[in-house]
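Novice: Following this line is data_30.pdb, made up of PDB, C-alpha atoms and all ligand atoms:
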ATOM      1  CA  MET O 623      25.665  32.795-110.223
ATOM      2  CA  VAL O 624      23.175  31.937-112.954
ATOM      3  CA  ALA O 625      24.662  32.808-116.370
ATOM      4  CA  ILE O 626      22.020  31.221-118.577
ATOM      5  CA  VAL O 627      18.280  31.005-117.994
ATOM      6  CA  VAL O 628      16.501  28.530-120.273
ATOM      7  CA  LEU O 629      12.709  28.640-120.529
ATOM      8  CA  THR O 630      10.949  25.722-122.198
ATOM      9  CA  GLY O 631       7.378  25.273-123.396
ATOM     10  CA  ALA O 632       5.195  22.640-124.987
ATOM     11  CA  GLY O 633       7.196  22.705-128.238
ATOM     12  CA  ILE O 634      10.142  20.923-126.593
ATOM     13  CA  SER O 635       7.914  17.945-125.789
ATOM     14  CA  ALA O 636       6.051  17.953-129.120
ATOM     15  CA  GLU O 637       8.449  15.475-130.711
ATOM     16  CA  SER O 638       7.914  13.175-127.723
ATOM     17  CA  GLY O 639       4.279  12.989-128.803
ATOM     18  CA  LEU O 640       2.789  15.421-126.280
ATOM     19  CA  GLY O 641       0.468  17.965-127.839
ATOM     20  CA  THR O 642       1.119  21.704-127.749
ATOM     21  CA  PHE O 643      -1.618  24.175-126.804
ATOM     22  CA  ARG O 644      -1.942  26.707-129.593
ATOM     23  CA  ASP O 645      -0.682  24.973-132.746
ATOM     24  CA  THR O 646      -3.148  23.484-135.249
ATOM     25  CA  ASP O 647      -4.693  20.544-133.381
ATOM     26  CA  GLY O 648      -3.410  22.008-130.084
ATOM     27  CA  VAL O 649      -5.128  21.294-126.768
ATOM     28  CA  TRP O 650      -6.888  24.693-126.721
ATOM     29  CA  THR O 651      -8.462  24.025-130.114
ATOM     30  CA  LYS O 652     -10.301  21.059-128.536
ATOM     31  CA  TYR O 653     -11.041  22.323-125.031
ATOM     32  CA  ASP O 654     -12.057  25.668-123.602
ATOM     33  CA  LEU O 655      -9.337  26.585-121.143
ATOM     34  CA  GLU O 656     -11.936  28.285-118.905
ATOM     35  CA  ASP O 657     -13.521  24.845-118.439
ATOM     36  CA  VAL O 658     -10.429  22.776-117.668
ATOM     37  CA  ALA O 659      -7.675  25.151-116.562
ATOM     38  CA  THR O 660      -9.275  27.512-114.053
ATOM     39  CA  PRO O 661     -10.307  27.095-110.379
ATOM     40  CA  GLN O 662     -13.843  28.089-111.420
ATOM     41  CA  GLY O 663     -13.927  25.306-114.034
ATOM     42  CA  PHE O 664     -12.929  22.786-111.348
ATOM     43  CA  VAL O 665     -15.775  23.914-109.065
ATOM     44  CA  ARG O 666     -18.275  23.806-111.954
ATOM     45  CA  ASN O 667     -17.329  20.413-113.369
ATOM     46  CA  PRO O 668     -14.745  18.384-111.426
ATOM     47  CA  GLU O 669     -15.445  15.254-113.549
ATOM     48  CA  LEU O 670     -14.431  17.042-116.738
ATOM     49  CA  VAL O 671     -11.312  18.588-115.164
ATOM     50  CA  GLN O 672     -10.106  15.315-113.605
ATOM     51  CA  ALA O 673     -10.773  13.406-116.850
ATOM     52  CA  PHE O 674      -8.820  16.021-118.838
ATOM     53  CA  TYR O 675      -5.748  15.814-116.570
ATOM     54  CA  ASN O 676      -6.031  12.028-116.113
ATOM     55  CA  ALA O 677      -5.776  11.612-119.896
ATOM     56  CA  ARG O 678      -2.852  14.024-120.089
ATOM     57  CA  ARG O 679      -1.109  12.284-117.164
ATOM     58  CA  SER O 680      -1.328   8.862-118.812
ATOM     59  CA  GLY O 681       0.071  10.424-122.001
ATOM     60  CA  VAL O 682       3.027  11.803-120.041
ATOM     61  CA  VAL O 683       3.724   8.476-118.333
ATOM     62  CA  THR O 684       4.083   6.692-121.678
ATOM     63  CA  ALA O 685       6.013   9.498-123.459
ATOM     64  CA  ARG O 686       9.797   9.408-123.680
ATOM     65  CA  PRO O 687      12.236  12.321-123.403
ATOM     66  CA  ASN O 688      13.801  13.428-126.678
ATOM     67  CA  ALA O 689      17.171  14.751-127.821
ATOM     68  CA  ALA O 690      16.299  18.298-126.755
ATOM     69  CA  HIS O 691      15.556  17.278-123.153
ATOM     70  CA  GLU O 692      18.739  15.207-123.100
ATOM     71  CA  ALA O 693      20.850  18.046-124.500
ATOM     72  CA  LEU O 694      19.653  20.408-121.761
ATOM     73  CA  ALA O 695      20.515  17.782-119.142
ATOM     74  CA  LYS O 696      24.029  17.641-120.631
ATOM     75  CA  LEU O 697      24.243  21.437-120.390
ATOM     76  CA  GLU O 698      23.099  21.324-116.768
ATOM     77  CA  ALA O 699      25.677  18.656-115.923
ATOM     78  CA  SER O 700      28.387  20.921-117.320
ATOM     79  CA  LEU O 701      27.205  24.326-116.048
ATOM     80  CA  GLY O 702      25.707  23.292-112.691
ATOM     81  CA  ALA O 703      24.357  26.322-110.818
ATOM     82  CA  GLU O 704      25.254  28.617-113.734
ATOM     83  CA  LEU O 705      22.168  27.272-115.520
ATOM     84  CA  LEU O 706      18.580  27.777-114.400
ATOM     85  CA  LEU O 707      16.233  25.499-116.333
ATOM     86  CA  VAL O 708      12.682  26.810-116.087
ATOM     87  CA  THR O 709       9.795  25.008-117.732
ATOM     88  CA  GLN O 710       6.145  25.851-118.277
ATOM     89  CA  ASN O 711       5.591  22.167-118.967
ATOM     90  CA  VAL O 712       3.850  19.979-116.437
ATOM     91  CA  ASP O 713       5.434  16.784-117.812
ATOM     92  CA  ASP O 714       8.561  15.194-116.295
ATOM     93  CA  LEU O 715      10.509  14.736-119.534
ATOM     94  CA  HIS O 716      13.320  17.107-118.497
ATOM     95  CA  GLU O 717      13.890  14.992-115.385
ATOM     96  CA  ARG O 718      13.676  11.704-117.274
ATOM     97  CA  GLY O 719      16.059  13.182-119.842
ATOM     98  CA  GLY O 720      18.567  13.538-116.999
ATOM     99  CA  ALA O 721      18.061  17.077-115.646
ATOM    100  CA  LYS O 722      18.373  17.257-111.869
ATOM    101  CA  ARG O 723      17.122  20.743-111.025
ATOM    102  CA  VAL O 724      14.061  21.789-113.014
ATOM    103  CA  VAL O 725      11.942  24.770-112.010
ATOM    104  CA  HIS O 726       8.323  23.876-112.869
ATOM    105  CA  MET O 727       6.637  27.285-112.888
ATOM    106  CA  HIS O 728       3.256  25.812-113.939
ATOM    107  CA  GLY O 729       3.467  22.840-111.560
ATOM    108  CA  GLU O 730       3.692  19.106-112.216
ATOM    109  CA  LEU O 731       1.079  16.724-113.522
ATOM    110  CA  LEU O 732       2.686  13.816-111.659
ATOM    111  CA  LYS O 733       1.938  15.477-108.341
ATOM    112  CA  ALA O 734      -1.406  16.088-106.666
ATOM    113  CA  PHE O 735      -2.370  18.401-103.861
ATOM    114  CA  CYS O 736      -5.300  18.693-101.535
ATOM    115  CA  ALA O 737      -7.133  21.996-101.924
ATOM    116  CA  SER O 738      -8.347  21.559 -98.346
ATOM    117  CA  CYS O 739      -5.094  20.945 -96.418
ATOM    118  CA  GLN O 740      -2.468  21.670 -99.148
ATOM    119  CA  ALA O 741      -0.746  18.299 -98.644
ATOM    120  CA  ARG O 742       1.162  17.203-101.753
ATOM    121  CA  ARG O 743       1.934  13.725-103.022
ATOM    122  CA  ARG O 744       3.351  11.905-106.028
ATOM    123  CA  GLN O 745       0.506  11.027-108.469
ATOM    124  CA  GLU O 746       1.146   8.671-111.379
ATOM    125  CA  THR O 747      -2.398   7.302-111.682
ATOM    126  CA  ASP O 748      -5.839   8.837-112.204
ATOM    127  CA  ILE O 749      -7.374  11.129-109.590
ATOM    128  CA  SER O 750     -11.064  10.394-109.023
ATOM    129  CA  VAL O 751     -13.662  13.005-108.115
ATOM    130  CA  GLU O 752     -14.211  10.990-104.917
ATOM    131  CA  GLU O 753     -10.498  10.913-104.061
ATOM    132  CA  VAL O 754      -9.840  10.988-100.313
ATOM    133  CA  CYS O 755      -6.889  13.009 -99.026
ATOM    134  CA  ALA O 756      -4.572  10.651 -97.134
ATOM    135  CA  ASP O 757      -3.530  13.527 -94.864
ATOM    136  CA  CYS O 758      -6.796  15.232 -93.840
ATOM    137  CA  GLY O 759      -9.430  12.704 -94.979
ATOM    138  CA  VAL O 760     -11.459  15.296 -96.937
ATOM    139  CA  VAL O 761     -13.187  13.827-100.001
ATOM    140  CA  GLY O 762     -13.102  15.344-103.483
ATOM    141  CA  GLN O 763     -10.518  18.066-102.915
ATOM    142  CA  MET O 764      -7.460  16.351-104.471
ATOM    143  CA  ARG O 765      -6.413  18.118-107.683
ATOM    144  CA  PRO O 766      -3.482  17.998-110.062
ATOM    145  CA  ASP O 767      -0.596  20.142-108.787
ATOM    146  CA  VAL O 768      -0.723  22.370-111.854
ATOM    147  CA  VAL O 769      -1.094  26.139-111.973
ATOM    148  CA  TRP O 770      -4.398  27.209-113.471
ATOM    149  CA  PHE O 771      -5.224  30.524-115.111
ATOM    150  CA  GLY O 772      -5.855  33.039-112.355
ATOM    151  CA  GLU O 773      -3.375  31.304-110.008
ATOM    152  CA  ILE O 774       0.164  32.463-109.255
ATOM    153  CA  PRO O 775       2.950  30.488-110.954
ATOM    154  CA  TYR O 776       5.512  28.825-108.710
ATOM    155  CA  HIS O 777       9.110  29.901-107.958
ATOM    156  CA  MET O 778       8.756  33.405-109.389
ATOM    157  CA  ASP O 779      11.216  35.040-106.964
ATOM    158  CA  GLU O 780      13.968  32.603-107.950
ATOM    159  CA  ILE O 781      13.214  33.079-111.661
ATOM    160  CA  TYR O 782      13.151  36.900-111.536
ATOM    161  CA  ALA O 783      16.403  36.972-109.533
ATOM    162  CA  ALA O 784      18.105  34.768-112.125
ATOM    163  CA  LEU O 785      16.734  36.788-115.077
ATOM    164  CA  SER O 786      18.043  40.033-113.622
ATOM    165  CA  LYS O 787      21.619  38.700-113.587
ATOM    166  CA  ALA O 788      21.758  36.263-116.516
ATOM    167  CA  GLU O 789      24.080  36.823-119.460
ATOM    168  CA  MET O 790      21.816  34.828-121.731
ATOM    169  CA  PHE O 791      18.120  33.993-121.897
ATOM    170  CA  VAL O 792      17.061  31.119-124.142
ATOM    171  CA  SER O 793      13.443  30.299-124.937
ATOM    172  CA  ILE O 794      12.678  26.890-126.454
ATOM    173  CA  GLY O 795       9.338  25.843-127.939
ATOM    174  CA  THR O 796       7.031  28.389-126.378
ATOM    175  CA  SER O 797       4.635  30.732-128.166
ATOM    176  CA  GLY O 798       5.079  33.498-125.590
ATOM    177  CA  GLN O 799       1.338  33.968-125.187
ATOM    178  CA  VAL O 800       1.026  33.367-121.452
ATOM    179  CA  TYR O 801       2.286  35.769-118.790
ATOM    180  CA  PRO O 802       4.374  35.989-116.702
ATOM    181  CA  ALA O 803       6.627  33.707-118.810
ATOM    182  CA  ALA O 804       5.853  35.740-121.941
ATOM    183  CA  GLY O 805       7.507  38.778-120.320
ATOM    184  CA  PHE O 806      10.815  37.075-119.458
ATOM    185  CA  VAL O 807      12.453  38.021-122.765
ATOM    186  CA  GLU O 808      11.914  41.773-122.305
ATOM    187  CA  MET O 809      13.023  41.528-118.695
ATOM    188  CA  ALA O 810      16.217  39.684-119.619
ATOM    189  CA  ARG O 811      16.915  41.987-122.574
ATOM    190  CA  ASP O 812      16.449  45.094-120.413
ATOM    191  CA  SER O 813      18.971  43.643-117.938
ATOM    192  CA  GLY O 814      21.504  43.263-120.759
ATOM    193  CA  ALA O 815      21.193  39.543-121.552
ATOM    194  CA  ALA O 816      21.506  38.117-125.056
ATOM    195  CA  CYS O 817      18.109  36.630-125.916
ATOM    196  CA  LEU O 818      17.925  33.540-128.124
ATOM    197  CA  GLU O 819      14.796  31.868-129.411
ATOM    198  CA  LEU O 820      14.720  28.212-130.523
ATOM    199  CA  ASN O 821      11.372  27.473-132.155
ATOM    200  CA  LEU O 822       9.761  26.345-135.399
ATOM    201  CA  GLU O 823       8.772  29.971-135.976
ATOM    202  CA  ALA O 824       9.671  33.430-134.728
ATOM    203  CA  THR O 825       7.529  34.763-131.887
ATOM    204  CA  ASN O 826       8.579  37.952-130.060
ATOM    205  CA  PRO O 827      10.795  40.561-131.844
ATOM    206  CA  ALA O 828      12.577  41.166-128.512
ATOM    207  CA  PHE O 829      14.779  38.129-129.174
ATOM    208  CA  THR O 830      18.187  39.219-130.451
ATOM    209  CA  GLN O 831      19.055  35.819-131.966
ATOM    210  CA  ARG O 832      16.966  33.057-133.394
ATOM    211  CA  ARG O 833      17.434  29.433-134.570
ATOM    212  CA  LEU O 834      14.391  28.119-136.345
ATOM    213  CA  GLY O 835      13.782  24.375-136.533
ATOM    214  CA  PRO O 836      12.551  21.385-134.530
ATOM    215  CA  ALA O 837      13.682  21.405-130.907
ATOM    216  CA  THR O 838      15.378  17.999-131.284
ATOM    217  CA  GLU O 839      17.711  19.504-133.902
ATOM    218  CA  VAL O 840      18.309  23.099-132.838
ATOM    219  CA  THR O 841      18.653  22.429-129.097
ATOM    220  CA  PRO O 842      21.459  19.809-129.248
ATOM    221  CA  ALA O 843      23.267  21.960-131.838
ATOM    222  CA  TRP O 844      23.088  25.050-129.621
ATOM    223  CA  VAL O 845      24.158  23.093-126.501
ATOM    224  CA  ASP O 846      27.167  21.667-128.349
ATOM    225  CA  GLU O 847      28.186  25.181-129.407
ATOM    226  CA  ILE O 848      28.020  26.421-125.813
ATOM    227  CA  LEU O 849      29.961  23.437-124.483
ATOM    228  CA  ASN O 850      32.587  23.652-127.245
ATOM    229  CA  SER O 851      33.051  27.367-126.628
ATOM    230  CA  GLY O 852      33.985  26.557-123.045
ATOM    231  CA  GLY O 853      30.892  28.419-121.809
TER     232      GLY O 853
HETATM  233  P1  LIG Y 901       1.993  26.774-127.095
HETATM  234  O1  LIG Y 901       1.175  25.668-127.646
HETATM  235  O2  LIG Y 901       1.340  28.080-126.872
HETATM  236  O3  LIG Y 901       3.242  27.040-128.046
HETATM  237  C1  LIG Y 901       4.037  25.983-128.514
HETATM  238  C2  LIG Y 901       5.209  26.568-129.254
HETATM  239  O4  LIG Y 901       6.068  25.505-129.609
HETATM  240  C3  LIG Y 901       4.840  27.310-130.552
HETATM  241  O5  LIG Y 901       5.530  28.543-130.611
HETATM  242  C4  LIG Y 901       5.336  26.353-131.661
HETATM  243  O6  LIG Y 901       5.819  27.051-132.798
HETATM  244  C5  LIG Y 901       6.475  25.647-130.958
HETATM  245  N1  LIG Y 901       6.759  24.289-131.439
HETATM  246  C6  LIG Y 901       5.882  23.319-131.802
HETATM  247  N2  LIG Y 901       6.515  22.182-132.136
HETATM  248  C7  LIG Y 901       7.844  22.439-132.008
HETATM  249  C8  LIG Y 901       9.034  21.666-132.210
HETATM  250  N3  LIG Y 901       8.991  20.396-132.612
HETATM  251  N4  LIG Y 901      10.212  22.263-131.969
HETATM  252  C9  LIG Y 901      10.280  23.557-131.549
HETATM  253  N5  LIG Y 901       9.201  24.331-131.334
HETATM  254  C10 LIG Y 901       7.998  23.780-131.559
HETATM  255  O7  LIG Y 901       2.662  26.217-125.742
HETATM  256  P2  LIG Y 901       3.358  27.032-124.556
HETATM  257  O8  LIG Y 901       3.999  28.261-125.083
HETATM  258  O9  LIG Y 901       4.188  26.081-123.795
HETATM  259  O10 LIG Y 901      -0.284  26.906-119.315
HETATM  260  O11 LIG Y 901       2.100  27.421-123.697
HETATM  261  C11 LIG Y 901       2.287  28.168-122.533
HETATM  262  C12 LIG Y 901       1.235  27.819-121.511
HETATM  263  O12 LIG Y 901      -0.060  27.920-122.113
HETATM  264  C13 LIG Y 901       1.280  26.379-121.030
HETATM  265  O13 LIG Y 901       2.218  26.172-120.013
HETATM  266  C14 LIG Y 901      -0.123  26.169-120.533
HETATM  267  C15 LIG Y 901      -0.862  26.783-121.692
HETATM  268  O14 LIG Y 901      -2.130  27.243-121.450
HETATM  269  C16 LIG Y 901      -1.239  26.574-118.437
HETATM  270  O15 LIG Y 901      -2.008  25.640-118.625
HETATM  271  C17 LIG Y 901      -1.260  27.442-117.215
END
Kindly return the structure encoded in the file as structure tokens.
Ligand code: OAD
Specialist:
Amino acid sequence: MVAIVVLTGAGISAESGLGTFRDTDGVWTKYDLEDVATPQGFVRNPELVQAFYNARRSGVVTARPNAAHEALAKLEASLGAELLLVTQNVDDLHERGGAKRVVHMHGELLKAFCASCQARRRQETDISVEEVCADCGVVGQMRPDVVWFGEIPYHMDEIYAALSKAEMFVSIGTSGQVYPAAGFVEMARDSGAACLELNLEATNPAFTQRRLGPATEVTPAWVDEILNSGG
């Protein structure tokens, strides 16, 4: 049974050089999310949307996992199925940090899918607006396998089931501005879980415990405490 649910956001990858969304200089200070992160934006201007995700994908490919990703992989190796690691991040730094079972609720930038036939594939290079689907042959319907605003996040049944039974919910490096992830803390708290936030700053008052600081410092310290307590 899942004892700990960890939710991560852009802040855990910030020290790997990947930008966050809502901090000063964040992605949404430079782009309008309606233009690049909605199905309507993709229909209106596929060139802009593909260019936006192509640039982000090449940034992910060259980024390296940090001590926070590695600490969570260590926790997973020790707790196994008692840990559910959920991320809103579309990068693969948890996996490259050693985690084996990562729930990507907002999808994965290193995957593409065809909006015409729904075929999925690994995607490490740019997607062009003229991309041909290898499965159905339709042109121009390949898109990054990321969840856009207005679309339903992935794996929600598994996440809700784990939250309803977890003893602890831990949120790392997320502003808690985007639902449904923003509601996990209240859900976990109402089911009796201890709720811990690891972040540079406090977000939601529903957290019962808080460690403020960079993810690369507070995450390994918290993981060591859990492992040393035999939990
Ligand atoms: P945000 O940019 O909204 O929030 C980043 C959080 O990380 C903030 O609370 C920062 O204080 C914190 N932070 C920044 N650097 C940190 C560090 N070094 N250590 C610890 N914390 C740090 O990013 P998310 O909450 O992940 O969705 O955004 C949620 C969703 O909004 C994303 O998945 C994306 C975006 O729009 C979609 O595109 C669907």
Novice: The PyMOL selection byres (((not hetatm)) within 6 of (chain Y and resi 901)) on the file shown: which residues, as a list in words?
Specialist: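 That expression, the PyMOL selection byres (((not hetatm)) within 6 of (chain Y and resi 901)), corresponds here to Gly631, Ala632, Gly633, Ile634, Ala636, Glu637, Thr642, Phe643, Arg644, Asp645, Gln710, Asn711, His728, Val769, Trp770, Phe771, Gly795, Thr796, Ser797, Gly798, Val800, Asn821, Leu822, Glu823, Pro836 and Ala837 of chain O.
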Novice: Would you list the contacts of stretch 677-685 of chain O as an mmCIF file with C-alpha atoms, in the frame of the given file, taking every protein, DNA or RNA residue within 7 Å and counting all atoms listed in the file, but skipping same-chain residues closer than 3 positions in sequence?
Specialist:
data_model
loop_
_atom_site.group_PDB
_atom_site.id
_atom_site.type_symbol
_atom_site.label_atom_id
_atom_site.label_comp_id
_atom_site.auth_asym_id
_atom_site.auth_seq_id
_atom_site.Cartn_x
_atom_site.Cartn_y
_atom_site.Cartn_z
ATOM 1 C CA SER O 638 7.914 13.175 -127.723
ATOM 2 C CA GLY O 639 4.279 12.989 -128.803
ATOM 3 C CA ALA O 673 -10.773 13.406 -116.850
ATOM 4 C CA PHE O 674 -8.820 16.021 -118.838
ATOM 5 C CA ASP O 713 5.434 16.784 -117.812
ATOM 6 C CA LEU O 731 1.079 16.724 -113.522
ATOM 7 C CA LEU O 732 2.686 13.816 -111.659
#
Novice: Take the PyMOL selection byres (((chain O and resi 687-691) around 9) and not hetatm), run it mentally on this structure, and tell me the resulting residues as a list in words.
Specialist: Ile634, Ser635, Glu637, Ser638, Ala685, Arg686, Glu692, Ala693, Leu694, Ala695, Lys696, Asp714, Leu715, His716, Glu717, Arg718, Gly719, Gly720, Ala721, Ala837, Thr838, Glu839, Val840, Thr841 and Pro842 of chain O
Novice: Give me, as a ChimeraX atom specification, all polymer residues having an atom no more than 10 Å from O:Gln745, counting all atoms listed in the file and skipping those fewer than 6 positions away in the same chain.
Specialist: /O:679,730-735,765-767
Novice: May I have the protein, DNA and RNA residues with an atom at most 7 Å from (12.0, 31.4, -113.3), counting all atoms listed in the file in the file's coordinates, returned as a CSV table (one decimal) with C-alpha atoms, in the frame of the given file?
Specialist:
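The resulting file, part19.csv, is reproduced below:
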chain,number,residue,atom,x,y,z
O,708,VAL,CA,12.7,26.8,-116.1
O,725,VAL,CA,11.9,24.8,-112.0
O,727,MET,CA,6.6,27.3,-112.9
O,777,HIS,CA,9.1,29.9,-108.0
O,778,MET,CA,8.8,33.4,-109.4
O,780,GLU,CA,14.0,32.6,-108.0
O,781,ILE,CA,13.2,33.1,-111.7
O,782,TYR,CA,13.2,36.9,-111.5
Novice: List the neighbours of O:Thr830 out to 8 Å using only C-alpha atoms; skip same-chain residues closer than 3 positions along the sequence, and give me the result as a list of chain:residue names.
Specialist: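 My list of contacting residues is O:Ala816, O:Cys817, O:Leu818, O:Pro827.
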Novice: Create the file for the chosen residues now, containing C-alpha atoms and written as a short mmCIF file (atom, residue, chain, number, x, y, z; two decimals), keeping the file's coordinate frame.
Specialist:
data_model
loop_
_atom_site.label_atom_id
_atom_site.label_comp_id
_atom_site.auth_asym_id
_atom_site.auth_seq_id
_atom_site.Cartn_x
_atom_site.Cartn_y
_atom_site.Cartn_z
CA ALA O 816 21.51 38.12 -125.06
CA CYS O 817 18.11 36.63 -125.92
CA LEU O 818 17.92 33.54 -128.12
CA PRO O 827 10.80 40.56 -131.84
#
Novice: With the PyMOL selection byres (((chain O and resi 831) around 12) and not hetatm) as the selection, what would be picked from this file? Answer as JSON, numbers by chain, please.
Specialist: {"O": [790, 791, 792, 793, 807, 811, 815, 816, 817, 818, 819, 820, 821, 824, 825, 826, 827, 828, 829, 830, 832, 833, 834, 844]}
Novice: So how many Å separate atom CA of O:Tyr776 and atom CA of O:Tyr801, to one decimal?
Specialist: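 Separation between atom CA of O:Tyr776 and atom CA of O:Tyr801: 12.7 Å.
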Novice: How many Å lie between atom CA of O:Leu697 and atom CA of O:Val845, rounded to one decimal?
Specialist: 6.3 Å
Novice: Using only C-alpha atoms, which of O:Ala804, O:Cys755, O:Val761, O:Leu705 sits nearest O:Glu789?
Specialist: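 Checking each candidate against O:Glu789, we get O:Leu705 as the closest.
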Novice: From the list O:Val754, O:Met809, O:Val627, O:Ala803, which residue is nearest O:Gly702 when using all atoms listed in the file?
Specialist: O:Val627
Novice: Mind checking which residues fall within 6 Å of O:Cys736, counting only C-alpha atoms, ignoring those fewer than 4 positions away in the same chain, and posting them as a PyMOL selection string?
Specialist: chain O and resi 740-741+763-764
Novice: Here is a test: counting only C-alpha atoms, which residue of O:Phe806, O:Ile774, O:Ser813, O:Ala756 is nearest to O:Ser786?
Specialist: O:Ser813
Novice: Which of these residues is nearest to O:Ala783, using only C-alpha atoms: O:Met623, O:Ile848, O:Ala737, O:Ala699?
Specialist: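 Under the stated criterion, the closest residue is O:Met623.
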Novice: So how far away is atom CA of O:Val768 from atom CA of O:Lys652, in Å?
Specialist: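 Computing it gives 19.3 Å between the two atoms.
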Novice: Counting only C-alpha atoms, which residue out of O:Asn676, O:Gln799, O:Ser750, O:Thr630 sits closest to O:His726?
Specialist: O:Thr630
Novice: Compare O:Asp757, O:Gly772, O:Leu706, O:Ser738 by their minimum atom-to-atom distance to O:Gly663, counting all atoms listed in the file, and give me the closest one.
Specialist: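 Nearest to O:Gly663: O:Gly772.
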